[in-house]
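Okay, run-v9.cif now, which holds mmCIF, C-alpha atoms:
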data_protein
loop_
_atom_site.label_atom_id
_atom_site.label_comp_id
_atom_site.auth_asym_id
_atom_site.auth_seq_id
_atom_site.Cartn_x
_atom_site.Cartn_y
_atom_site.Cartn_z
CA MET A 1 -17.28 24.40 -15.23
CA ALA A 2 -17.62 20.66 -15.86
CA LYS A 3 -18.26 18.56 -12.76
CA MET A 4 -17.38 15.04 -11.65
CA LYS A 5 -18.36 12.70 -8.82
CA ALA A 6 -15.77 12.31 -6.07
CA ALA A 7 -15.49 10.72 -2.61
CA ILE A 8 -14.49 13.55 -0.27
CA PHE A 9 -13.44 13.73 3.36
CA ALA A 10 -16.21 15.70 5.05
CA GLU A 11 -15.23 15.27 8.71
CA PRO A 12 -13.92 12.50 10.97
CA GLY A 13 -16.25 9.54 10.55
CA ARG A 14 -17.70 10.73 7.24
CA ILE A 15 -16.54 10.34 3.64
CA VAL A 16 -19.28 11.26 1.17
CA LEU A 17 -19.83 11.30 -2.58
CA ASP A 18 -20.17 14.84 -3.92
CA ASP A 19 -19.67 16.95 -7.04
CA LYS A 20 -16.34 18.67 -7.71
CA PRO A 21 -14.91 20.48 -10.74
CA ILE A 22 -12.95 18.34 -13.20
CA PRO A 23 -9.31 19.46 -12.71
CA GLU A 24 -7.55 21.76 -15.15
CA VAL A 25 -4.44 20.27 -16.76
CA GLY A 26 -1.08 22.01 -16.36
CA PRO A 27 1.93 21.56 -18.70
CA LEU A 28 3.43 18.59 -16.79
CA ASP A 29 0.13 16.99 -15.74
CA ALA A 30 -2.11 14.25 -17.08
CA LEU A 31 -5.85 13.93 -16.52
CA LEU A 32 -6.97 10.32 -16.12
CA ARG A 33 -10.48 9.00 -16.49
CA ILE A 34 -10.57 6.46 -13.68
CA THR A 35 -11.65 2.97 -14.74
CA THR A 36 -10.86 1.10 -11.50
CA THR A 37 -9.69 2.08 -8.04
CA THR A 38 -9.97 0.75 -4.49
CA ILE A 39 -10.02 1.62 -0.79
CA CYS A 40 -6.89 1.32 1.35
CA GLY A 41 -6.46 0.80 5.07
CA THR A 42 -4.81 4.22 5.18
CA ASP A 43 -8.08 5.69 3.90
CA LEU A 44 -9.71 4.26 7.02
CA HIS A 45 -7.17 6.10 9.18
CA ILE A 46 -8.25 9.27 7.35
CA LEU A 47 -11.93 8.44 7.79
CA LYS A 48 -11.47 7.96 11.54
CA GLY A 49 -9.56 11.21 11.89
CA GLU A 50 -6.39 9.35 12.92
CA TYR A 51 -4.49 10.81 9.96
CA PRO A 52 -5.30 14.48 9.28
CA VAL A 53 -6.24 15.74 5.81
CA ALA A 54 -8.09 18.84 4.66
CA ARG A 55 -11.87 18.76 4.65
CA GLY A 56 -13.19 18.55 1.10
CA LEU A 57 -10.18 16.56 -0.15
CA THR A 58 -10.88 13.73 -2.59
CA ILE A 59 -9.63 10.47 -1.05
CA GLY A 60 -7.85 7.54 -2.72
CA HIS A 61 -4.39 6.76 -4.07
CA GLU A 62 -4.63 3.57 -6.18
CA PRO A 63 -5.61 4.56 -9.73
CA VAL A 64 -6.07 2.61 -12.95
CA GLY A 65 -7.36 4.72 -15.80
CA ILE A 66 -7.21 6.07 -19.32
CA ILE A 67 -5.45 9.28 -20.27
CA GLU A 68 -8.13 11.86 -21.02
CA ARG A 69 -5.88 14.89 -21.53
CA LEU A 70 -2.13 15.52 -21.46
CA GLY A 71 -0.25 18.65 -20.49
CA SER A 72 1.52 20.51 -23.26
CA ALA A 73 5.00 19.45 -22.06
CA VAL A 74 4.25 15.76 -21.50
CA GLU A 75 6.02 13.40 -23.89
CA GLY A 76 6.03 9.62 -24.29
CA PHE A 77 2.30 9.09 -23.67
CA HIS A 78 -0.86 9.63 -25.67
CA GLU A 79 -4.50 10.33 -24.97
CA GLY A 80 -6.59 7.18 -24.82
CA GLN A 81 -3.70 5.15 -23.35
CA ARG A 82 -4.43 2.85 -20.40
CA VAL A 83 -2.10 3.57 -17.50
CA ILE A 84 -1.56 3.33 -13.76
CA ALA A 85 0.14 5.79 -11.43
CA GLY A 86 1.69 4.88 -8.12
CA ALA A 87 0.20 5.92 -4.81
CA ILE A 88 3.50 7.78 -4.38
CA THR A 89 4.07 10.37 -7.11
CA PRO A 90 7.61 11.76 -6.79
CA SER A 91 8.60 14.82 -8.78
CA GLY A 92 11.74 13.11 -10.02
CA TYR A 93 13.97 16.15 -9.49
CA SER A 94 14.11 16.87 -5.74
CA ALA A 95 17.17 16.09 -3.63
CA ALA A 96 15.28 13.16 -2.10
CA CYS A 97 14.46 11.73 -5.52
CA LEU A 98 18.00 12.16 -6.80
CA CYS A 99 19.51 10.30 -3.84
CA GLY A 100 17.08 7.38 -4.09
CA CYS A 101 14.52 8.46 -1.46
CA ALA A 102 11.71 9.33 -3.85
CA SER A 103 8.95 8.55 -1.36
CA GLN A 104 10.34 11.36 0.81
CA ASP A 105 10.15 13.82 -2.09
CA GLY A 106 10.60 17.42 -0.95
CA ALA A 107 10.21 19.28 -4.22
CA GLY A 108 9.84 22.97 -3.38
CA THR A 109 11.33 22.68 0.11
CA ARG A 110 14.63 24.28 1.05
CA HIS A 111 16.65 21.07 1.28
CA GLY A 112 14.57 18.84 -1.00
CA PHE A 113 13.34 16.36 1.62
CA LYS A 114 9.90 16.04 3.21
CA ALA A 115 8.75 13.09 5.33
CA ALA A 116 6.21 11.13 3.26
CA GLY A 117 6.32 14.00 0.74
CA GLY A 118 5.87 11.65 -2.21
CA TRP A 119 2.41 10.68 -0.99
CA LYS A 120 0.19 13.31 -2.55
CA PHE A 121 -3.01 11.60 -3.80
CA GLY A 122 -5.66 11.74 -1.10
CA ASN A 123 -3.18 13.34 1.29
CA THR A 124 -2.08 16.76 0.02
CA ILE A 125 -3.87 16.82 -3.36
CA ASP A 126 -7.12 15.32 -4.62
CA GLY A 127 -7.07 11.56 -4.99
CA CYS A 128 -8.57 8.96 -7.28
CA GLN A 129 -11.86 7.83 -5.73
CA ALA A 130 -13.50 9.98 -8.38
CA GLU A 131 -14.38 10.01 -12.05
CA TYR A 132 -11.18 11.88 -12.93
CA LEU A 133 -7.72 12.28 -11.43
CA LEU A 134 -5.02 14.86 -12.09
CA VAL A 135 -1.57 13.22 -12.05
CA PRO A 136 1.32 15.62 -11.38
CA ASP A 137 4.73 15.16 -13.01
CA ALA A 138 3.13 12.73 -15.42
CA MET A 139 6.33 11.67 -17.16
CA ALA A 140 7.77 10.48 -13.84
CA ASN A 141 4.64 8.70 -12.68
CA LEU A 142 2.53 7.23 -15.50
CA ALA A 143 3.16 3.63 -16.51
CA ALA A 144 1.46 2.03 -19.50
CA VAL A 145 -0.57 -1.09 -18.73
CA PRO A 146 0.15 -4.03 -21.06
CA ASP A 147 -2.86 -5.06 -23.14
CA SER A 148 -2.59 -8.58 -21.70
CA LEU A 149 -3.38 -7.41 -18.16
CA THR A 150 -6.80 -6.47 -16.80
CA ASP A 151 -7.53 -3.56 -14.48
CA GLU A 152 -8.00 -5.88 -11.51
CA GLU A 153 -4.70 -7.64 -12.21
CA VAL A 154 -2.77 -4.36 -11.90
CA LEU A 155 -4.97 -2.72 -9.23
CA MET A 156 -2.61 -3.76 -6.43
CA CYS A 157 0.48 -2.27 -8.09
CA PRO A 158 0.05 1.41 -7.09
CA ASP A 159 0.16 0.70 -3.35
CA ILE A 160 -0.57 -2.73 -1.86
CA MET A 161 1.85 -4.75 -3.95
CA SER A 162 4.52 -2.04 -3.94
CA THR A 163 4.26 -1.57 -0.18
CA GLY A 164 4.15 -5.27 0.68
CA PHE A 165 7.08 -6.09 -1.56
CA SER A 166 9.04 -3.18 -0.10
CA GLY A 167 8.74 -4.76 3.35
CA ALA A 168 10.62 -7.76 2.03
CA GLU A 169 13.10 -5.61 0.11
CA SER A 170 13.86 -3.27 3.02
CA GLY A 171 14.30 -6.30 5.26
CA GLU A 172 17.00 -7.47 2.82
CA ILE A 173 15.67 -11.01 2.85
CA ARG A 174 18.25 -13.48 1.59
CA ILE A 175 17.92 -16.94 0.06
CA GLY A 176 17.26 -19.41 2.86
CA ASP A 177 16.04 -16.85 5.39
CA THR A 178 13.36 -17.45 7.98
CA VAL A 179 10.74 -14.68 7.89
CA VAL A 180 7.59 -13.86 9.82
CA VAL A 181 4.90 -11.48 8.60
CA PHE A 182 2.59 -10.09 11.28
CA ALA A 183 -0.92 -9.40 9.91
CA GLN A 184 -2.23 -10.86 6.68
CA GLY A 185 -4.33 -8.05 5.36
CA PRO A 186 -3.67 -7.08 1.73
CA ILE A 187 -0.27 -5.50 2.51
CA GLY A 188 0.79 -8.39 4.72
CA LEU A 189 -0.23 -10.89 2.06
CA CYS A 190 1.90 -9.04 -0.48
CA ALA A 191 4.78 -9.00 2.01
CA THR A 192 4.40 -12.77 2.33
CA ALA A 193 4.50 -13.13 -1.46
CA GLY A 194 7.50 -10.78 -1.61
CA ALA A 195 9.35 -12.86 0.99
CA LYS A 196 8.90 -15.93 -1.19
CA LEU A 197 10.12 -14.10 -4.29
CA ARG A 198 13.19 -12.90 -2.36
CA GLY A 199 14.11 -16.51 -1.52
CA ALA A 200 12.96 -17.05 2.07
CA THR A 201 12.46 -20.75 2.74
CA MET A 202 10.52 -20.59 6.02
CA ILE A 203 7.76 -17.98 5.95
CA ILE A 204 5.46 -17.70 8.95
CA ALA A 205 2.19 -15.80 8.50
CA VAL A 206 0.44 -14.49 11.61
CA ASP A 207 -3.25 -13.52 11.70
CA SER A 208 -6.51 -14.72 13.22
CA VAL A 209 -8.81 -14.84 10.18
CA PRO A 210 -8.85 -18.33 8.61
CA ALA A 211 -9.46 -17.02 5.08
CA ARG A 212 -6.46 -14.71 5.35
CA LEU A 213 -4.24 -17.47 6.66
CA ALA A 214 -5.38 -19.68 3.78
CA ALA A 215 -4.58 -16.89 1.32
CA ALA A 216 -1.14 -16.51 2.91
CA SER A 217 -0.46 -20.20 2.34
CA LYS A 218 -1.33 -19.82 -1.34
CA LEU A 219 0.99 -16.83 -1.66
CA GLY A 220 4.01 -18.53 -0.10
CA ALA A 221 3.65 -19.01 3.67
CA SER A 222 5.08 -22.34 4.84
CA HIS A 223 3.53 -21.98 8.31
CA THR A 224 0.53 -20.09 9.65
CA VAL A 225 -0.09 -18.95 13.22
CA ASP A 226 -3.51 -18.00 14.58
CA PHE A 227 -2.80 -15.51 17.35
CA ASN A 228 -6.18 -16.25 18.94
CA ALA A 229 -5.28 -19.91 19.34
CA VAL A 230 -1.67 -19.62 20.55
CA ASP A 231 0.76 -17.01 21.80
CA PRO A 232 2.39 -15.99 18.51
CA VAL A 233 5.79 -15.19 20.03
CA GLU A 234 5.99 -18.56 21.79
CA GLU A 235 4.80 -20.40 18.67
CA ILE A 236 7.30 -18.67 16.40
CA MET A 237 10.14 -19.43 18.78
CA ARG A 238 8.97 -23.06 18.88
CA LEU A 239 8.84 -23.27 15.09
CA THR A 240 12.36 -21.84 14.83
CA GLU A 241 13.66 -24.09 17.64
CA GLY A 242 14.47 -21.05 19.76
CA ARG A 243 16.60 -19.37 17.11
CA GLY A 244 14.21 -16.64 16.10
CA VAL A 245 13.66 -15.21 12.63
CA ASP A 246 16.06 -13.41 10.34
CA VAL A 247 13.46 -10.85 9.30
CA ALA A 248 10.18 -9.86 10.95
CA ILE A 249 7.76 -7.78 8.85
CA GLU A 250 5.17 -5.74 10.77
CA ALA A 251 2.25 -5.00 8.46
CA LEU A 252 -0.45 -3.62 10.75
CA GLY A 253 0.79 -0.65 12.75
CA THR A 254 0.10 -1.42 16.42
CA GLN A 255 2.24 -1.60 19.56
CA THR A 256 1.29 -5.27 19.98
CA THR A 257 2.45 -6.40 16.53
CA PHE A 258 5.54 -4.17 16.57
CA GLU A 259 6.64 -5.54 19.94
CA ALA A 260 5.95 -9.14 18.91
CA ALA A 261 8.04 -8.64 15.77
CA LEU A 262 10.91 -7.37 17.91
CA ARG A 263 10.64 -10.27 20.38
CA VAL A 264 11.02 -12.98 17.71
CA LEU A 265 14.12 -11.57 16.01
CA ARG A 266 17.39 -13.43 16.28
CA PRO A 267 20.42 -11.30 17.27
CA GLY A 268 21.42 -9.33 14.19
CA GLY A 269 17.95 -9.66 12.70
CA THR A 270 15.87 -7.00 10.98
CA LEU A 271 12.44 -5.63 11.86
CA SER A 272 10.89 -4.25 8.68
CA SER A 273 7.97 -2.01 9.56
CA LEU A 274 5.17 -1.19 7.11
CA GLY A 275 2.49 -0.13 9.59
CA VAL A 276 0.89 3.29 9.83
CA TYR A 277 1.08 4.07 13.54
CA SER A 278 -1.48 6.29 15.27
CA THR A 279 0.20 6.48 18.70
CA ASP A 280 3.72 6.53 20.14
CA LEU A 281 5.62 3.24 20.11
CA THR A 282 7.51 1.81 23.09
CA ILE A 283 10.55 -0.41 22.63
CA PRO A 284 10.74 -3.04 25.42
CA LEU A 285 14.20 -3.32 26.94
CA ALA A 286 14.62 -7.11 27.04
CA PRO A 287 14.17 -7.93 23.33
CA PHE A 288 16.09 -4.77 22.46
CA ALA A 289 18.94 -6.25 24.50
CA ALA A 290 19.91 -2.83 25.86
CA GLY A 291 20.75 -1.81 22.29
CA LEU A 292 23.55 -4.41 22.01
CA ALA A 293 21.97 -7.11 19.82
CA ASP A 294 22.91 -5.63 16.42
CA LEU A 295 19.22 -5.39 15.58
CA LYS A 296 18.03 -3.26 12.70
CA ILE A 297 14.65 -1.50 12.57
CA VAL A 298 13.70 -0.10 9.16
CA THR A 299 10.56 1.68 8.00
CA THR A 300 9.37 2.01 4.43
CA LEU A 301 6.83 4.13 2.60
CA CYS A 302 5.45 2.56 -0.57
CA PRO A 303 7.88 3.13 -3.46
CA GLY A 304 6.29 4.90 -6.44
CA GLY A 305 7.20 6.25 -9.86
CA LYS A 306 6.78 4.77 -13.30
CA GLU A 307 9.75 2.38 -13.20
CA ARG A 308 8.52 0.81 -9.97
CA MET A 309 5.08 0.36 -11.57
CA ARG A 310 6.61 -1.17 -14.71
CA ARG A 311 8.57 -3.69 -12.66
CA LEU A 312 5.55 -4.72 -10.60
CA MET A 313 3.41 -5.20 -13.71
CA SER A 314 6.25 -7.28 -15.17
CA VAL A 315 6.08 -9.60 -12.15
CA ILE A 316 2.34 -10.03 -12.71
CA ALA A 317 2.66 -10.52 -16.46
CA SER A 318 5.30 -13.22 -15.91
CA GLY A 319 2.86 -15.26 -13.82
CA ARG A 320 5.12 -15.18 -10.75
CA ILE A 321 2.25 -13.92 -8.61
CA ASP A 322 -1.55 -13.70 -8.94
CA LEU A 323 -3.17 -11.01 -6.81
CA LYS A 324 -6.61 -11.09 -8.45
CA PRO A 325 -8.03 -13.13 -5.52
CA LEU A 326 -7.36 -10.16 -3.24
CA VAL A 327 -10.30 -8.37 -4.90
CA THR A 328 -13.20 -9.89 -3.01
CA HIS A 329 -15.93 -7.26 -3.55
CA ARG A 330 -16.95 -4.86 -6.31
CA PHE A 331 -18.85 -1.57 -6.13
CA LYS A 332 -19.78 1.30 -8.41
CA LEU A 333 -18.48 4.76 -7.55
CA ASP A 334 -21.97 5.87 -6.54
CA GLN A 335 -21.88 3.05 -3.94
CA ILE A 336 -18.61 4.29 -2.40
CA GLU A 337 -20.16 5.00 1.00
CA ALA A 338 -21.45 1.42 1.20
CA ALA A 339 -18.01 0.19 0.14
CA TYR A 340 -16.43 2.13 3.02
CA GLU A 341 -18.95 0.70 5.45
CA LEU A 342 -18.14 -2.87 4.39
CA PHE A 343 -14.38 -2.36 4.23
CA GLY A 344 -14.22 -0.37 7.45
CA HIS A 345 -16.04 -3.07 9.41
CA GLN A 346 -14.17 -5.91 7.66
CA ARG A 347 -17.40 -7.75 6.95
CA ASP A 348 -18.09 -10.65 4.60
CA GLY A 349 -14.44 -11.72 4.30
CA VAL A 350 -13.42 -8.53 2.52
CA LEU A 351 -9.79 -8.09 1.48
CA LYS A 352 -9.94 -5.42 -1.24
CA VAL A 353 -12.82 -3.79 -3.07
CA ALA A 354 -12.79 -2.72 -6.72
CA ILE A 355 -14.52 0.60 -7.42
CA THR A 356 -15.57 1.25 -11.02
CA PRO A 357 -17.53 4.10 -12.71
#

Would you encode the structure as structure tokens?
Amino acid sequence: MAKMKAAIFAEPGRIVLDDKPIPEVGPLDALLRITTTTICGTDLHILKGEYPVARGLTIGHEPVGIIERLGSAVEGFHEGQRVIAGAITPSGYSAACLCGCASQDGAGTRHGFKAAGGWKFGNTIDGCQAEYLLVPDAMANLAAVPDSLTDEEVLMCPDIMSTGFSGAESGEIRIGDTVVVFAQGPIGLCATAGAKLRGATMIIAVDSVPARLAAASKLGASHTVDFNAVDPVEEIMRLTEGRGVDVAIEALGTQTTFEAALRVLRPGGTLSSLGVYSTDLTIPLAPFAAGLADLKIVTTLCPGGKERMRRLMSVIASGRIDLKPLVTHRFKLDQIEAAYELFGHQRDGVLKVAITP
């Protein structure tokens, strides 16, 4: 059986490069030869054992590649075609998919819903930090990459861009809104860019890393707040003259950022949460106003599927946003363990790494 190199979860604290069989292709599948992928913050949760996956699973959920083989029932694509697939790969036919909740795809379950069921790569099936990737339900999930766009230009589409933008979309940002985005990692930066595209006119970016705050300004932030220099809640209330923000996007996944996002909302505002939380959250009574402030708290898992990917690539192709600067470091697949070490310790100003064969 032919083998490939793959980054596998060995045990908490250890992801290693090892040999695995190249997947067999079923009728509805596509086999991609990976040309570029990356490491996500969620992969670090897996590495640390904070998010459980099976030992021996190939990690990664952000693929750019070329179709190596197609299943016998797949139509509309051809071998040799350059494509991406979303981090979320819905079946397209479950009850969740058919009512617009594709990320919660429950294909095969009794009622058709499963929490985070659309996230399969590097979670319930082998992911893309490997030489090859098997994409299920290929016709629902493959999206052709325009010849005018490079791998690195579309690398953020499968997860980071889709997730960040969804924070702005779920928050229902309106023209003229005041928005704060807590944490300016890659997802937070994309949320900042999404807030600008949605029409927010005051966008406050919160972080402590100068390079990230500078990147936020380039992507649309009108104000930046260094939480090591000032109390972010007090500063945001000062900037908004005590009014608070219309939408607060939480892009980290901690009690501290979640609570701060809640404290700066105006009555009737929306907290849009994108974080992956590892412990229980507590809602403080005062900013929750005893449940009487008409506040809305929404959570979102990265939207996937081929139409979502097409739309995101259209935004990039139009020149409305340039996410290439988010790729700060590049590694070969056989250097994946070094890439995890750098990314996991957030050294050398890393935002995203590009992994190539």

I'd like a table as CSV: residues in stretch 135-176 of chain A with an atom no more than 12 Å from stretch 197-206 of chain A, each row giving the shortest atom pair and its distance in Å to one decimal, all atoms listed in the file counted, sorted by chain and rising residue number.
residue,atom,partner,partner_atom,distance
A:Gly164,CA,A:Leu197,CA,11.8
A:Phe165,CA,A:Leu197,CA,9.0
A:Ser166,CA,A:Arg198,CA,10.8
A:Gly167,CA,A:Arg198,CA,10.9
A:Ala168,CA,A:Arg198,CA,7.2
A:Glu169,CA,A:Arg198,CA,7.7
A:Ser170,CA,A:Arg198,CA,11.1
A:Gly171,CA,A:Arg198,CA,10.1
A:Glu172,CA,A:Arg198,CA,8.4
A:Ile173,CA,A:Arg198,CA,6.1
A:Arg174,CA,A:Gly199,CA,6.0
A:Ile175,CA,A:Gly199,CA,4.1
A:Gly176,CA,A:Ala200,CA,5.0

Distance query 12 Å from (0.4, -19.2, 5.0) using only C-alpha atoms, result as a PDB file with C-alpha atoms, in the coordinates of the input:
ATOM      1  CA  VAL A 179      10.740 -14.680   7.890  1.00  0.00           C
ATOM      2  CA  VAL A 180       7.590 -13.860   9.820  1.00  0.00           C
ATOM      3  CA  VAL A 181       4.900 -11.480   8.600  1.00  0.00           C
ATOM      4  CA  PHE A 182       2.590 -10.090  11.280  1.00  0.00           C
ATOM      5  CA  ALA A 183      -0.920  -9.400   9.910  1.00  0.00           C
ATOM      6  CA  GLN A 184      -2.230 -10.860   6.680  1.00  0.00           C
ATOM      7  CA  GLY A 188       0.790  -8.390   4.720  1.00  0.00           C
ATOM      8  CA  LEU A 189      -0.230 -10.890   2.060  1.00  0.00           C
ATOM      9  CA  CYS A 190       1.900  -9.040  -0.480  1.00  0.00           C
ATOM     10  CA  ALA A 191       4.780  -9.000   2.010  1.00  0.00           C
ATOM     11  CA  THR A 192       4.400 -12.770   2.330  1.00  0.00           C
ATOM     12  CA  ALA A 193       4.500 -13.130  -1.460  1.00  0.00           C
ATOM     13  CA  ALA A 195       9.350 -12.860   0.990  1.00  0.00           C
ATOM     14  CA  LYS A 196       8.900 -15.930  -1.190  1.00  0.00           C
ATOM     15  CA  MET A 202      10.520 -20.590   6.020  1.00  0.00           C
ATOM     16  CA  ILE A 203       7.760 -17.980   5.950  1.00  0.00           C
ATOM     17  CA  ILE A 204       5.460 -17.700   8.950  1.00  0.00           C
ATOM     18  CA  ALA A 205       2.190 -15.800   8.500  1.00  0.00           C
ATOM     19  CA  VAL A 206       0.440 -14.490  11.610  1.00  0.00           C
ATOM     20  CA  ASP A 207      -3.250 -13.520  11.700  1.00  0.00           C
ATOM     21  CA  SER A 208      -6.510 -14.720  13.220  1.00  0.00           C
ATOM     22  CA  VAL A 209      -8.810 -14.840  10.180  1.00  0.00           C
ATOM     23  CA  PRO A 210      -8.850 -18.330   8.610  1.00  0.00           C
ATOM     24  CA  ALA A 211      -9.460 -17.020   5.080  1.00  0.00           C
ATOM     25  CA  ARG A 212      -6.460 -14.710   5.350  1.00  0.00           C
ATOM     26  CA  LEU A 213      -4.240 -17.470   6.660  1.00  0.00           C
ATOM     27  CA  ALA A 214      -5.380 -19.680   3.780  1.00  0.00           C
ATOM     28  CA  ALA A 215      -4.580 -16.890   1.320  1.00  0.00           C
ATOM     29  CA  ALA A 216      -1.140 -16.510   2.910  1.00  0.00           C
ATOM     30  CA  SER A 217      -0.460 -20.200   2.340  1.00  0.00           C
ATOM     31  CA  LYS A 218      -1.330 -19.820  -1.340  1.00  0.00           C
ATOM     32  CA  LEU A 219       0.990 -16.830  -1.660  1.00  0.00           C
ATOM     33  CA  GLY A 220       4.010 -18.530  -0.100  1.00  0.00           C
ATOM     34  CA  ALA A 221       3.650 -19.010   3.670  1.00  0.00           C
ATOM     35  CA  SER A 222       5.080 -22.340   4.840  1.00  0.00           C
ATOM     36  CA  HIS A 223       3.530 -21.980   8.310  1.00  0.00           C
ATOM     37  CA  THR A 224       0.530 -20.090   9.650  1.00  0.00           C
ATOM     38  CA  VAL A 225      -0.090 -18.950  13.220  1.00  0.00           C
ATOM     39  CA  ASP A 226      -3.510 -18.000  14.580  1.00  0.00           C
TER      40      ASP A 226
END

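Minimum atom-to-atom distance to A:Gly13, evaluated using all atoms listed in the file, belongs to A:Tyr340 out of A:Pro186, A:Val233, A:Tyr340, A:Ile39.
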
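For stretch 43-58 of chain A, the non-local neighbours within 6 Å, defined as residues at least 3 positions apart in the same chain or in other chains and counting all atoms listed in the file, are A:Ala7, A:Ile8, A:Phe9, A:Ala10, A:Pro12, A:Gly13, A:Cys40, A:Gly122, A:Asn123, A:Asp126, A:Gly127.
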
Any idea what's packed within 10 Å of A:Glu307, counting only C-alpha atoms, ignoring anything in its chain fewer than 3 positions away? Could you give it as a list in words?
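Here the answer would be Gly86, Ala140, Asn141, Leu142, Ala143, Pro303, Gly304, Arg310, Arg311, Leu312 and Met313 of chain A.
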
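The space separating atom CA of A:Lys120 from atom CA of A:Ala138 comes to 13.2 Å.
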
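Between atom CA of A:Arg110 and atom CA of A:Gly92 the separation is 16.0 Å.
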
Considering all atoms listed in the file, return as a PyMOL selection string whatever protein or nucleic-acid residues lie within 8 Å of stretch 327-337 of chain A, sequence-local ones (same chain, fewer than 3 positions apart) excluded.
chain A and resi 7+15-17+129-130+152+323-324+340-341+349-357

Selection to disk with C-alpha atoms, as a short mmCIF file (atom, residue, chain, number, x, y, z; two decimals), keeping the file's coordinate frame:
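Output file again33.cif is given in full below:
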data_model
loop_
_atom_site.label_atom_id
_atom_site.label_comp_id
_atom_site.auth_asym_id
_atom_site.auth_seq_id
_atom_site.Cartn_x
_atom_site.Cartn_y
_atom_site.Cartn_z
CA ALA A 7 -15.49 10.72 -2.61
CA ILE A 15 -16.54 10.34 3.64
CA VAL A 16 -19.28 11.26 1.17
CA LEU A 17 -19.83 11.30 -2.58
CA GLN A 129 -11.86 7.83 -5.73
CA ALA A 130 -13.50 9.98 -8.38
CA GLU A 152 -8.00 -5.88 -11.51
CA LEU A 323 -3.17 -11.01 -6.81
CA LYS A 324 -6.61 -11.09 -8.45
CA TYR A 340 -16.43 2.13 3.02
CA GLU A 341 -18.95 0.70 5.45
CA GLY A 349 -14.44 -11.72 4.30
CA VAL A 350 -13.42 -8.53 2.52
CA LEU A 351 -9.79 -8.09 1.48
CA LYS A 352 -9.94 -5.42 -1.24
CA VAL A 353 -12.82 -3.79 -3.07
CA ALA A 354 -12.79 -2.72 -6.72
CA ILE A 355 -14.52 0.60 -7.42
CA THR A 356 -15.57 1.25 -11.02
CA PRO A 357 -17.53 4.10 -12.71
#

Point-to-point distance in Å for atom CA of A:Ala339 and atom CA of A:Thr124:
23.0 Å

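Residues matched by the PyMOL selection byres ((chain A and resi 108) around 12) in this file are A:Pro90, A:Ser91, A:Tyr93, A:Ser94, A:Ala95, A:Ala96, A:Asp105, A:Gly106, A:Ala107, A:Thr109, A:Arg110, A:His111, A:Gly112, A:Phe113, A:Lys114, A:Gly117.
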
Mind rebuilding stretch 162-174 of chain A with N, CA and C atoms and writing that out as a compact mmCIF listing (two decimals), in the frame of the given file?
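Result file selection-v5.txt:
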# COMPACT_ATOMS: atom_id res chain seq x y z
N SER A 162 3.27 -2.78 -4.10
CA SER A 162 4.52 -2.04 -3.94
C SER A 162 4.92 -1.95 -2.48
N THR A 163 3.97 -1.68 -1.60
CA THR A 163 4.26 -1.57 -0.18
C THR A 163 4.65 -2.92 0.42
N GLY A 164 3.85 -3.94 0.14
CA GLY A 164 4.15 -5.27 0.68
C GLY A 164 5.50 -5.78 0.24
N PHE A 165 5.78 -5.66 -1.05
CA PHE A 165 7.08 -6.09 -1.56
C PHE A 165 8.21 -5.30 -0.91
N SER A 166 7.98 -4.00 -0.67
CA SER A 166 9.04 -3.18 -0.10
C SER A 166 9.39 -3.62 1.32
N GLY A 167 8.42 -4.22 2.03
CA GLY A 167 8.74 -4.76 3.35
C GLY A 167 9.77 -5.86 3.27
N ALA A 168 9.64 -6.70 2.24
CA ALA A 168 10.62 -7.76 2.03
C ALA A 168 11.95 -7.20 1.53
N GLU A 169 11.87 -6.20 0.66
CA GLU A 169 13.10 -5.61 0.11
C GLU A 169 13.88 -4.84 1.17
N SER A 170 13.18 -4.03 1.97
CA SER A 170 13.86 -3.27 3.02
C SER A 170 14.44 -4.18 4.09
N GLY A 171 13.78 -5.32 4.31
CA GLY A 171 14.30 -6.30 5.26
C GLY A 171 15.51 -7.05 4.74
N GLU A 172 15.84 -6.83 3.47
CA GLU A 172 17.00 -7.47 2.82
C GLU A 172 16.99 -8.98 3.01
N ILE A 173 15.82 -9.56 2.75
CA ILE A 173 15.67 -11.01 2.85
C ILE A 173 16.64 -11.69 1.89
N ARG A 174 17.30 -12.72 2.40
CA ARG A 174 18.25 -13.48 1.59
C ARG A 174 17.74 -14.90 1.37
